[in-house]
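Structure file data.pdb; described as PDB, C-alpha atoms and all ligand atoms.
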```pdb
ATOM      1  CA  VAL A   1       0.000   0.000   0.000  1.00  0.00           C
ATOM      2  CA  SER A   2       1.379   3.394  -1.013  1.00  0.00           C
ATOM      3  CA  HIS A   3       1.570   6.026   1.714  1.00  0.00           C
ATOM      4  CA  GLN A   4       1.217   8.796  -0.829  1.00  0.00           C
ATOM      5  CA  ALA A   5      -2.308  10.136  -1.255  1.00  0.00           C
ATOM      6  CA  ALA A   6      -3.815   8.962  -4.530  1.00  0.00           C
ATOM      7  CA  LYS A   7      -4.110  11.683  -7.142  1.00  0.00           C
ATOM      8  CA  PRO A   8      -7.686  12.978  -6.988  1.00  0.00           C
ATOM      9  CA  ALA A   9      -9.881  12.328 -10.014  1.00  0.00           C
ATOM     10  CA  VAL A  10     -10.704  15.630 -11.720  1.00  0.00           C
ATOM     11  CA  VAL A  11     -13.746  15.814 -14.001  1.00  0.00           C
ATOM     12  CA  ALA A  12     -14.675  19.034 -15.818  1.00  0.00           C
ATOM     13  CA  ILE A  13     -18.182  20.108 -16.782  1.00  0.00           C
ATOM     14  CA  VAL A  14     -18.216  22.473 -19.767  1.00  0.00           C
ATOM     15  CA  VAL A  15     -21.558  24.277 -19.997  1.00  0.00           C
ATOM     16  CA  ALA A  16     -22.276  24.959 -23.649  1.00  0.00           C
ATOM     17  CA  ALA A  17     -26.079  24.829 -23.849  1.00  0.00           C
ATOM     18  CA  GLY A  18     -26.681  28.565 -24.176  1.00  0.00           C
ATOM     19  CA  SER A  19     -28.143  29.952 -27.398  1.00  0.00           C
ATOM     20  CA  GLY A  20     -25.923  33.022 -27.620  1.00  0.00           C
ATOM     21  CA  VAL A  21     -28.689  35.306 -28.896  1.00  0.00           C
ATOM     22  CA  ARG A  22     -26.508  38.329 -28.145  1.00  0.00           C
ATOM     23  CA  LEU A  23     -24.090  37.252 -30.887  1.00  0.00           C
ATOM     24  CA  GLY A  24     -26.888  37.054 -33.453  1.00  0.00           C
ATOM     25  CA  ARG A  25     -25.727  33.830 -35.171  1.00  0.00           C
ATOM     26  CA  GLU A  26     -27.614  30.837 -36.558  1.00  0.00           C
ATOM     27  CA  VAL A  27     -25.587  28.247 -34.639  1.00  0.00           C
ATOM     28  CA  PRO A  28     -25.354  28.041 -30.826  1.00  0.00           C
ATOM     29  CA  LYS A  29     -22.593  30.218 -29.413  1.00  0.00           C
ATOM     30  CA  ALA A  30     -20.335  27.353 -28.349  1.00  0.00           C
ATOM     31  CA  ALA A  31     -20.225  25.966 -31.916  1.00  0.00           C
ATOM     32  CA  ILE A  32     -18.855  29.203 -33.369  1.00  0.00           C
ATOM     33  CA  GLU A  33     -15.300  28.782 -34.589  1.00  0.00           C
ATOM     34  CA  ILE A  34     -12.416  30.910 -33.382  1.00  0.00           C
ATOM     35  CA  ALA A  35      -9.519  30.730 -35.835  1.00  0.00           C
ATOM     36  CA  GLY A  36     -10.986  27.495 -37.193  1.00  0.00           C
ATOM     37  CA  VAL A  37     -11.621  25.730 -33.868  1.00  0.00           C
ATOM     38  CA  PRO A  38     -15.088  25.797 -32.211  1.00  0.00           C
ATOM     39  CA  MET A  39     -15.338  27.496 -28.816  1.00  0.00           C
ATOM     40  CA  VAL A  40     -16.543  24.309 -27.108  1.00  0.00           C
ATOM     41  CA  THR A  41     -13.586  22.343 -28.485  1.00  0.00           C
ATOM     42  CA  ARG A  42     -11.158  24.984 -27.241  1.00  0.00           C
ATOM     43  CA  ALA A  43     -12.806  24.977 -23.803  1.00  0.00           C
ATOM     44  CA  VAL A  44     -12.555  21.163 -23.584  1.00  0.00           C
ATOM     45  CA  GLN A  45      -8.915  21.275 -24.710  1.00  0.00           C
ATOM     46  CA  ALA A  46      -8.091  23.825 -21.979  1.00  0.00           C
ATOM     47  CA  MET A  47      -9.695  21.639 -19.269  1.00  0.00           C
ATOM     48  CA  LEU A  48      -7.737  18.545 -20.358  1.00  0.00           C
ATOM     49  CA  ALA A  49      -4.475  20.478 -20.741  1.00  0.00           C
ATOM     50  CA  GLY A  50      -4.994  22.009 -17.286  1.00  0.00           C
ATOM     51  CA  GLY A  51      -5.401  18.682 -15.503  1.00  0.00           C
ATOM     52  CA  ALA A  52      -8.935  17.313 -15.943  1.00  0.00           C
ATOM     53  CA  SER A  53      -8.935  13.636 -16.899  1.00  0.00           C
ATOM     54  CA  ARG A  54     -12.311  13.776 -18.622  1.00  0.00           C
ATOM     55  CA  VAL A  55     -14.996  16.297 -19.587  1.00  0.00           C
ATOM     56  CA  VAL A  56     -18.798  16.324 -19.632  1.00  0.00           C
ATOM     57  CA  VAL A  57     -20.180  18.841 -22.141  1.00  0.00           C
ATOM     58  CA  ALA A  58     -23.743  20.138 -21.730  1.00  0.00           C
ATOM     59  CA  ALA A  59     -24.908  20.994 -25.263  1.00  0.00           C
ATOM     60  CA  PRO A  60     -28.136  22.475 -26.614  1.00  0.00           C
ATOM     61  CA  GLU A  61     -30.655  19.598 -26.758  1.00  0.00           C
ATOM     62  CA  ALA A  62     -30.978  19.543 -30.561  1.00  0.00           C
ATOM     63  CA  TRP A  63     -27.201  19.715 -31.032  1.00  0.00           C
ATOM     64  CA  THR A  64     -25.739  16.894 -28.920  1.00  0.00           C
ATOM     65  CA  GLU A  65     -24.687  14.773 -31.900  1.00  0.00           C
ATOM     66  CA  LYS A  66     -23.209  17.729 -33.740  1.00  0.00           C
ATOM     67  CA  PHE A  67     -21.274  18.763 -30.634  1.00  0.00           C
ATOM     68  CA  ALA A  68     -19.957  15.209 -30.182  1.00  0.00           C
ATOM     69  CA  HIS A  69     -18.530  15.439 -33.705  1.00  0.00           C
ATOM     70  CA  LEU A  70     -16.797  18.708 -32.793  1.00  0.00           C
ATOM     71  CA  MET A  71     -14.670  16.970 -30.129  1.00  0.00           C
ATOM     72  CA  GLY A  72     -12.227  15.572 -32.673  1.00  0.00           C
ATOM     73  CA  PRO A  73      -9.070  14.207 -31.015  1.00  0.00           C
ATOM     74  CA  TYR A  74     -10.556  14.618 -27.520  1.00  0.00           C
ATOM     75  CA  ALA A  75     -13.680  12.499 -28.202  1.00  0.00           C
ATOM     76  CA  ASP A  76     -12.567   9.518 -26.108  1.00  0.00           C
ATOM     77  CA  ARG A  77     -12.298  11.675 -22.997  1.00  0.00           C
ATOM     78  CA  VAL A  78     -15.526  13.653 -23.573  1.00  0.00           C
ATOM     79  CA  GLN A  79     -19.189  12.836 -23.002  1.00  0.00           C
ATOM     80  CA  VAL A  80     -21.750  15.158 -24.598  1.00  0.00           C
ATOM     81  CA  ILE A  81     -25.166  15.390 -22.935  1.00  0.00           C
ATOM     82  CA  ALA A  82     -28.248  17.597 -23.377  1.00  0.00           C
ATOM     83  CA  GLY A  83     -28.203  20.708 -21.190  1.00  0.00           C
ATOM     84  CA  GLY A  84     -31.183  22.425 -19.560  1.00  0.00           C
ATOM     85  CA  LEU A  85     -33.126  25.677 -19.545  1.00  0.00           C
ATOM     86  CA  LEU A  86     -30.850  27.599 -17.177  1.00  0.00           C
ATOM     87  CA  ARG A  87     -27.085  27.342 -16.749  1.00  0.00           C
ATOM     88  CA  GLN A  88     -27.604  25.740 -13.355  1.00  0.00           C
ATOM     89  CA  ASP A  89     -29.904  23.118 -14.953  1.00  0.00           C
ATOM     90  CA  SER A  90     -27.130  22.265 -17.418  1.00  0.00           C
ATOM     91  CA  VAL A  91     -24.658  21.827 -14.548  1.00  0.00           C
ATOM     92  CA  ARG A  92     -27.111  19.715 -12.532  1.00  0.00           C
ATOM     93  CA  LEU A  93     -27.782  17.411 -15.512  1.00  0.00           C
ATOM     94  CA  ALA A  94     -24.043  17.056 -16.170  1.00  0.00           C
ATOM     95  CA  LEU A  95     -23.372  16.172 -12.516  1.00  0.00           C
ATOM     96  CA  ASP A  96     -25.042  12.786 -13.104  1.00  0.00           C
ATOM     97  CA  TYR A  97     -22.141  11.919 -15.414  1.00  0.00           C
ATOM     98  CA  THR A  98     -19.359  12.804 -12.965  1.00  0.00           C
ATOM     99  CA  THR A  99     -19.395   9.568 -10.952  1.00  0.00           C
ATOM    100  CA  GLY A 100     -16.003   8.859  -9.403  1.00  0.00           C
ATOM    101  CA  ALA A 101     -14.863  12.481  -9.427  1.00  0.00           C
ATOM    102  CA  ASP A 102     -13.112  13.854  -6.328  1.00  0.00           C
ATOM    103  CA  ILE A 103     -12.853  17.343  -7.787  1.00  0.00           C
ATOM    104  CA  ILE A 104     -15.324  18.865 -10.257  1.00  0.00           C
ATOM    105  CA  LEU A 105     -14.598  21.911 -12.404  1.00  0.00           C
ATOM    106  CA  VAL A 106     -17.400  23.925 -13.986  1.00  0.00           C
ATOM    107  CA  HIS A 107     -16.365  25.987 -17.001  1.00  0.00           C
ATOM    108  CA  ASP A 108     -18.226  28.203 -19.481  1.00  0.00           C
ATOM    109  CA  ALA A 109     -17.710  27.200 -23.117  1.00  0.00           C
ATOM    110  CA  ALA A 110     -18.017  30.950 -23.683  1.00  0.00           C
ATOM    111  CA  ARG A 111     -14.503  31.297 -22.161  1.00  0.00           C
ATOM    112  CA  PRO A 112     -12.600  29.287 -24.805  1.00  0.00           C
ATOM    113  CA  LEU A 113      -9.183  30.927 -24.390  1.00  0.00           C
ATOM    114  CA  VAL A 114      -8.688  30.317 -20.662  1.00  0.00           C
ATOM    115  CA  PRO A 115      -5.030  29.343 -20.167  1.00  0.00           C
ATOM    116  CA  PRO A 116      -4.394  25.820 -18.788  1.00  0.00           C
ATOM    117  CA  PHE A 117      -2.336  27.331 -15.942  1.00  0.00           C
ATOM    118  CA  VAL A 118      -5.510  28.920 -14.553  1.00  0.00           C
ATOM    119  CA  VAL A 119      -7.236  25.509 -14.679  1.00  0.00           C
ATOM    120  CA  ASP A 120      -4.256  23.980 -12.866  1.00  0.00           C
ATOM    121  CA  ARG A 121      -4.298  26.764 -10.258  1.00  0.00           C
ATOM    122  CA  VAL A 122      -7.972  26.098  -9.466  1.00  0.00           C
ATOM    123  CA  ILE A 123      -7.417  22.337  -9.182  1.00  0.00           C
ATOM    124  CA  GLU A 124      -4.391  22.844  -6.895  1.00  0.00           C
ATOM    125  CA  ALA A 125      -6.363  25.114  -4.558  1.00  0.00           C
ATOM    126  CA  VAL A 126      -9.133  22.516  -4.177  1.00  0.00           C
ATOM    127  CA  ARG A 127      -6.518  19.790  -3.711  1.00  0.00           C
ATOM    128  CA  ASP A 128      -4.925  21.919  -0.971  1.00  0.00           C
ATOM    129  CA  GLY A 129      -8.191  21.917   0.962  1.00  0.00           C
ATOM    130  CA  SER A 130     -10.417  24.728  -0.356  1.00  0.00           C
ATOM    131  CA  PRO A 131     -13.892  23.294  -1.029  1.00  0.00           C
ATOM    132  CA  ALA A 132     -14.921  25.982  -3.567  1.00  0.00           C
ATOM    133  CA  VAL A 133     -12.451  27.976  -5.682  1.00  0.00           C
ATOM    134  CA  ILE A 134     -12.977  30.782  -8.200  1.00  0.00           C
ATOM    135  CA  PRO A 135     -10.522  32.589 -10.504  1.00  0.00           C
ATOM    136  CA  VAL A 136     -10.912  36.368 -10.174  1.00  0.00           C
ATOM    137  CA  LEU A 137      -9.636  39.619 -11.665  1.00  0.00           C
ATOM    138  CA  PRO A 138      -9.718  43.154 -10.272  1.00  0.00           C
ATOM    139  CA  GLN A 139     -12.464  45.489 -11.421  1.00  0.00           C
ATOM    140  CA  VAL A 140     -10.790  48.050 -13.721  1.00  0.00           C
ATOM    141  CA  ASP A 141     -13.715  50.330 -14.593  1.00  0.00           C
ATOM    142  CA  SER A 142     -15.307  52.623 -12.053  1.00  0.00           C
ATOM    143  CA  LEU A 143     -18.584  51.249 -10.742  1.00  0.00           C
ATOM    144  CA  ARG A 144     -21.934  52.834  -9.874  1.00  0.00           C
ATOM    145  CA  ARG A 145     -24.915  51.396  -8.119  1.00  0.00           C
ATOM    146  CA  ILE A 146     -28.282  52.070  -9.748  1.00  0.00           C
ATOM    147  CA  ARG A 147     -30.784  53.770  -7.434  1.00  0.00           C
ATOM    148  CA  ARG A 148     -34.339  54.638  -8.407  1.00  0.00           C
ATOM    149  CA  ASN A 149     -33.556  57.331 -10.971  1.00  0.00           C
ATOM    150  CA  TRP A 150     -29.989  58.233 -10.159  1.00  0.00           C
ATOM    151  CA  THR A 151     -26.680  56.447  -9.620  1.00  0.00           C
ATOM    152  CA  VAL A 152     -24.164  56.393  -6.769  1.00  0.00           C
ATOM    153  CA  ALA A 153     -20.425  55.726  -7.060  1.00  0.00           C
ATOM    154  CA  VAL A 154     -19.110  52.691  -5.192  1.00  0.00           C
ATOM    155  CA  ASP A 155     -15.537  51.724  -4.259  1.00  0.00           C
ATOM    156  CA  ARG A 156     -14.414  49.461  -7.088  1.00  0.00           C
ATOM    157  CA  SER A 157     -11.522  48.059  -5.021  1.00  0.00           C
ATOM    158  CA  THR A 158     -14.085  46.125  -2.989  1.00  0.00           C
ATOM    159  CA  PHE A 159     -15.277  44.209  -6.087  1.00  0.00           C
ATOM    160  CA  LEU A 160     -13.804  41.340  -8.095  1.00  0.00           C
ATOM    161  CA  ARG A 161     -14.731  39.961 -11.531  1.00  0.00           C
ATOM    162  CA  VAL A 162     -15.397  36.222 -11.394  1.00  0.00           C
ATOM    163  CA  GLN A 163     -14.306  33.828 -14.141  1.00  0.00           C
ATOM    164  CA  THR A 164     -14.402  30.087 -14.693  1.00  0.00           C
ATOM    165  CA  PRO A 165     -13.383  27.280 -14.345  1.00  0.00           C
ATOM    166  CA  GLN A 166     -14.656  27.184 -10.797  1.00  0.00           C
ATOM    167  CA  GLY A 167     -13.442  24.174  -8.825  1.00  0.00           C
ATOM    168  CA  PHE A 168     -15.189  22.198  -6.107  1.00  0.00           C
ATOM    169  CA  GLU A 169     -14.878  19.203  -3.868  1.00  0.00           C
ATOM    170  CA  ALA A 170     -17.312  16.926  -5.687  1.00  0.00           C
ATOM    171  CA  GLU A 171     -19.422  16.275  -2.596  1.00  0.00           C
ATOM    172  CA  VAL A 172     -19.825  20.027  -1.951  1.00  0.00           C
ATOM    173  CA  LEU A 173     -20.993  20.808  -5.492  1.00  0.00           C
ATOM    174  CA  ARG A 174     -23.470  17.895  -5.447  1.00  0.00           C
ATOM    175  CA  ARG A 175     -24.884  19.073  -2.112  1.00  0.00           C
ATOM    176  CA  ALA A 176     -25.174  22.668  -3.357  1.00  0.00           C
ATOM    177  CA  HIS A 177     -27.148  21.569  -6.415  1.00  0.00           C
ATOM    178  CA  ALA A 178     -29.293  19.127  -4.431  1.00  0.00           C
ATOM    179  CA  THR A 179     -30.420  21.899  -2.069  1.00  0.00           C
ATOM    180  CA  SER A 180     -30.626  24.888  -4.438  1.00  0.00           C
ATOM    181  CA  GLY A 181     -34.368  24.552  -5.128  1.00  0.00           C
ATOM    182  CA  ASP A 182     -35.969  27.062  -7.503  1.00  0.00           C
ATOM    183  CA  LYS A 183     -33.616  29.927  -6.748  1.00  0.00           C
ATOM    184  CA  GLU A 184     -31.603  31.168  -9.744  1.00  0.00           C
ATOM    185  CA  TYR A 185     -27.828  31.481  -9.475  1.00  0.00           C
ATOM    186  CA  THR A 186     -25.371  32.947 -11.981  1.00  0.00           C
ATOM    187  CA  ASP A 187     -22.595  30.578 -10.950  1.00  0.00           C
ATOM    188  CA  ASP A 188     -21.842  27.524  -8.828  1.00  0.00           C
ATOM    189  CA  ALA A 189     -19.714  29.312  -6.225  1.00  0.00           C
ATOM    190  CA  THR A 190     -22.715  31.453  -5.287  1.00  0.00           C
ATOM    191  CA  MET A 191     -24.747  28.278  -4.875  1.00  0.00           C
ATOM    192  CA  CYS A 192     -22.083  26.809  -2.566  1.00  0.00           C
ATOM    193  CA  GLU A 193     -21.988  30.001  -0.531  1.00  0.00           C
ATOM    194  CA  ALA A 194     -25.748  29.665  -0.033  1.00  0.00           C
ATOM    195  CA  ILE A 195     -25.070  26.455   1.914  1.00  0.00           C
ATOM    196  CA  ASP A 196     -22.324  28.197   3.947  1.00  0.00           C
ATOM    197  CA  VAL A 197     -19.341  26.783   2.071  1.00  0.00           C
ATOM    198  CA  PRO A 198     -16.484  29.337   2.026  1.00  0.00           C
ATOM    199  CA  VAL A 199     -15.394  30.459  -1.435  1.00  0.00           C
ATOM    200  CA  THR A 200     -11.658  30.912  -2.056  1.00  0.00           C
ATOM    201  CA  THR A 201     -10.147  33.048  -4.832  1.00  0.00           C
ATOM    202  CA  VAL A 202      -7.115  32.466  -7.069  1.00  0.00           C
ATOM    203  CA  PRO A 203      -5.803  34.881  -9.710  1.00  0.00           C
ATOM    204  CA  GLY A 204      -7.643  34.580 -13.025  1.00  0.00           C
ATOM    205  CA  ASP A 205      -6.280  35.746 -16.375  1.00  0.00           C
ATOM    206  CA  GLY A 206      -7.404  38.202 -19.028  1.00  0.00           C
ATOM    207  CA  LEU A 207      -7.581  35.358 -21.563  1.00  0.00           C
ATOM    208  CA  GLY A 208     -10.399  33.846 -19.512  1.00  0.00           C
ATOM    209  CA  PHE A 209     -12.751  36.574 -20.745  1.00  0.00           C
ATOM    210  CA  LYS A 210     -16.315  35.612 -21.661  1.00  0.00           C
ATOM    211  CA  ILE A 211     -17.420  35.901 -25.260  1.00  0.00           C
ATOM    212  CA  THR A 212     -20.764  37.657 -25.104  1.00  0.00           C
ATOM    213  CA  GLU A 213     -20.925  40.348 -27.779  1.00  0.00           C
ATOM    214  CA  PRO A 214     -19.716  40.460 -31.404  1.00  0.00           C
ATOM    215  CA  MET A 215     -16.649  42.509 -30.431  1.00  0.00           C
ATOM    216  CA  ASP A 216     -15.513  39.731 -28.070  1.00  0.00           C
ATOM    217  CA  LEU A 217     -15.442  37.327 -31.043  1.00  0.00           C
ATOM    218  CA  VAL A 218     -13.247  39.711 -33.018  1.00  0.00           C
ATOM    219  CA  LEU A 219     -10.832  39.960 -30.094  1.00  0.00           C
ATOM    220  CA  ALA A 220     -10.749  36.170 -29.595  1.00  0.00           C
ATOM    221  CA  GLU A 221     -10.078  35.634 -33.298  1.00  0.00           C
ATOM    222  CA  VAL A 222      -7.110  38.030 -33.257  1.00  0.00           C
ATOM    223  CA  ILE A 223      -5.652  36.437 -30.119  1.00  0.00           C
ATOM    224  CA  ALA A 224      -6.103  32.858 -31.397  1.00  0.00           C
ATOM    225  CA  ARG A 225      -4.538  33.682 -34.746  1.00  0.00           C
ATOM    226  CA  GLY A 226      -1.564  35.235 -32.988  1.00  0.00           C
ATOM    227  CA  GLU A 227      -1.018  32.031 -31.037  1.00  0.00           C
ATOM    228  CA  SER A 228      -1.196  29.540 -33.875  1.00  0.00           C
TER     229      SER A 228
HETATM  230  O1  LIG A 301     -25.306  33.320 -21.090  1.00  0.00           O
HETATM  231  P1  LIG A 301     -23.965  33.206 -20.461  1.00  0.00           P
HETATM  232  O2  LIG A 301     -22.854  33.680 -21.357  1.00  0.00           O
HETATM  233  O3  LIG A 301     -23.895  33.767 -19.073  1.00  0.00           O
HETATM  234  O4  LIG A 301     -23.746  31.642 -20.285  1.00  0.00           O
HETATM  235  C1  LIG A 301     -22.609  31.139 -19.629  1.00  0.00           C
HETATM  236  C2  LIG A 301     -22.364  29.709 -20.064  1.00  0.00           C
HETATM  237  O5  LIG A 301     -23.446  28.883 -19.641  1.00  0.00           O
HETATM  238  C3  LIG A 301     -22.258  29.566 -21.587  1.00  0.00           C
HETATM  239  O6  LIG A 301     -21.119  28.788 -21.888  1.00  0.00           O
HETATM  240  C4  LIG A 301     -23.561  28.883 -21.965  1.00  0.00           C
HETATM  241  O7  LIG A 301     -23.435  28.006 -23.074  1.00  0.00           O
HETATM  242  C5  LIG A 301     -23.896  28.081 -20.704  1.00  0.00           C
HETATM  243  N1  LIG A 301     -25.333  27.812 -20.563  1.00  0.00           N
HETATM  244  C6  LIG A 301     -25.774  26.494 -20.501  1.00  0.00           C
HETATM  245  N2  LIG A 301     -27.112  26.220 -20.361  1.00  0.00           N
HETATM  246  C7  LIG A 301     -28.012  27.211 -20.326  1.00  0.00           C
HETATM  247  C8  LIG A 301     -27.580  28.569 -20.391  1.00  0.00           C
HETATM  248  C9  LIG A 301     -26.227  28.834 -20.512  1.00  0.00           C
HETATM  249  O8  LIG A 301     -24.973  25.560 -20.569  1.00  0.00           O
HETATM  250  N3  LIG A 301     -29.303  26.910 -20.230  1.00  0.00           N
END
```

Translate this file's structure into structure tokens.
Amino acid sequence: VSHQAAKPAVVAIVVAAGSGVRLGREVPKAAIEIAGVPMVTRAVQAMLAGGASRVVVAAPEAWTEKFAHLMGPYADRVQVIAGGLLRQDSVRLALDYTTGADIILVHDAARPLVPPFVVDRVIEAVRDGSPAVIPVLPQVDSLRRIRRNWTVAVDRSTFLRVQTPQGFEAEVLRRAHATSGDKEYTDDATMCEAIDVPVTTVPGDGLGFKITEPMDLVLAEVIARGES
């Protein structure tokens, strides 16, 4: 019997079931190519390169077969399932396919250029004992809170921008989703916090930006071309 702790099994969930209406394309957002490689494929590649041993992709229901074909060389380590109505539904459905995981990552397909070192950083923090870990960046713009019909400046240094992948002890993420009920959450860390699990931060990276608007696609294309 080895006295070294066994390496924890890391499974990544890539949520890719959004429609991406804000980009105004025919295909779902995650299927859009960036420098010839679909966003969802890039996101999967980043998870595997960063230390996940396999990936569960939540795809739009009518697109599961198409998405499976997009996995190319990674297909044997990826399972594509149908996602749900909300992001949190997609995560919950994917959780059923994470049996055996010690650590679960949840990553937005809409963040296809996240560097593998950020993925590794998140995994390491969970491995070192943090039950819920998020990559963050400082808030660079000034911020204002909306009041009834005016706005009030707030101290931006007290805010952080939250990226993905977020990393969790598998048991914690399952419990958070099992007890979340009807309440809507924008991410899984918030859901964990709702059951009093402390959330730990690690430095994110600018390349983990979320592709939301047409300009973000232009930026991603330029960056990806520069790298290839
Ligand atoms: O809409 P937004 O950009 O915030 O979505 C974040 C991520 O969640 C995207 O990668 C999107 O594909 C995914 N999502 C999902 N299922 C939904 C809604 C969004 O997997 N029902």

### Message
To test your reading of the syntax: which residues would the PyMOL selection byres (((not hetatm)) within 7 of (chain A and resi 301)) return for the file shown? Reply as number ranges by chain.
### Response
A: 15-20, 29-30, 58-59, 83-87, 89-90, 108-110, 210, 212

Around all listed atoms of segment 5-20 of chain A, padded 4 Å per side, what centre and edge lengths does the axis-aligned box have in Å to one decimal, as JSON?
```
{"center_x": -15.2, "center_y": 21.0, "center_z": -14.4, "size_x": 33.8, "size_y": 32.1, "size_z": 34.4}
```

If we count all atoms listed in the file, what is near Gly100 of chain A at a cut-off of 12 Å, once residues fewer than 3 positions away on the same chain are taken out, given as a VMD selection string? chain A and resid 8 to 11 53 to 54 95 to 97 103 to 104 169 to 171

Using all atoms listed in the file, I'd like a table of the residues in segment 95-137 of chain A that come within 12 Å of segment 46-52 of chain A; for each, show the closest atom pair and its distance in Å rounded to one decimal, ordered by chain and ascending number, as JSON lines.
```
{"residue": "A:Thr98", "atom": "CA", "partner": "A:Ala52", "partner_atom": "CA", "distance": 11.7}
{"residue": "A:Ala101", "atom": "CA", "partner": "A:Ala52", "partner_atom": "CA", "distance": 10.0}
{"residue": "A:Asp102", "atom": "CA", "partner": "A:Ala52", "partner_atom": "CA", "distance": 11.0}
{"residue": "A:Ile103", "atom": "CA", "partner": "A:Ala52", "partner_atom": "CA", "distance": 9.0}
{"residue": "A:Ile104", "atom": "CA", "partner": "A:Ala52", "partner_atom": "CA", "distance": 8.7}
{"residue": "A:Leu105", "atom": "CA", "partner": "A:Ala52", "partner_atom": "CA", "distance": 8.1}
{"residue": "A:Val106", "atom": "CA", "partner": "A:Met47", "partner_atom": "CA", "distance": 9.6}
{"residue": "A:His107", "atom": "CA", "partner": "A:Met47", "partner_atom": "CA", "distance": 8.3}
{"residue": "A:Asp108", "atom": "CA", "partner": "A:Met47", "partner_atom": "CA", "distance": 10.8}
{"residue": "A:Ala109", "atom": "CA", "partner": "A:Ala46", "partner_atom": "CA", "distance": 10.3}
{"residue": "A:Arg111", "atom": "CA", "partner": "A:Ala46", "partner_atom": "CA", "distance": 9.8}
{"residue": "A:Pro112", "atom": "CA", "partner": "A:Ala46", "partner_atom": "CA", "distance": 7.6}
{"residue": "A:Leu113", "atom": "CA", "partner": "A:Ala46", "partner_atom": "CA", "distance": 7.6}
{"residue": "A:Val114", "atom": "CA", "partner": "A:Ala46", "partner_atom": "CA", "distance": 6.7}
{"residue": "A:Pro115", "atom": "CA", "partner": "A:Ala46", "partner_atom": "CA", "distance": 6.6}
{"residue": "A:Pro116", "atom": "CA", "partner": "A:Gly50", "partner_atom": "CA", "distance": 4.1}
{"residue": "A:Phe117", "atom": "CA", "partner": "A:Gly50", "partner_atom": "CA", "distance": 6.1}
{"residue": "A:Val118", "atom": "CA", "partner": "A:Gly50", "partner_atom": "CA", "distance": 7.4}
{"residue": "A:Val119", "atom": "CA", "partner": "A:Gly50", "partner_atom": "CA", "distance": 4.9}
{"residue": "A:Asp120", "atom": "CA", "partner": "A:Gly50", "partner_atom": "CA", "distance": 4.9}
{"residue": "A:Arg121", "atom": "CA", "partner": "A:Gly50", "partner_atom": "CA", "distance": 8.5}
{"residue": "A:Val122", "atom": "CA", "partner": "A:Gly50", "partner_atom": "CA", "distance": 9.3}
{"residue": "A:Ile123", "atom": "CA", "partner": "A:Gly51", "partner_atom": "CA", "distance": 7.6}
{"residue": "A:Glu124", "atom": "CA", "partner": "A:Gly51", "partner_atom": "CA", "distance": 9.6}
{"residue": "A:Arg127", "atom": "CA", "partner": "A:Gly51", "partner_atom": "CA", "distance": 11.9}
```

Nearest to Asp182 of chain A, chosen from A:Gly36, A:Arg148, A:Phe67, A:Gln88, with only C-alpha atoms counted in the distances
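Result for the nearest residue to Asp182 of chain A: A:Gln88.
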
- Can you turn the PyMOL selection byres (((chain A and resi 185) around 12) and not hetatm) into a concrete residue list for this file, as a count of residues only? 21
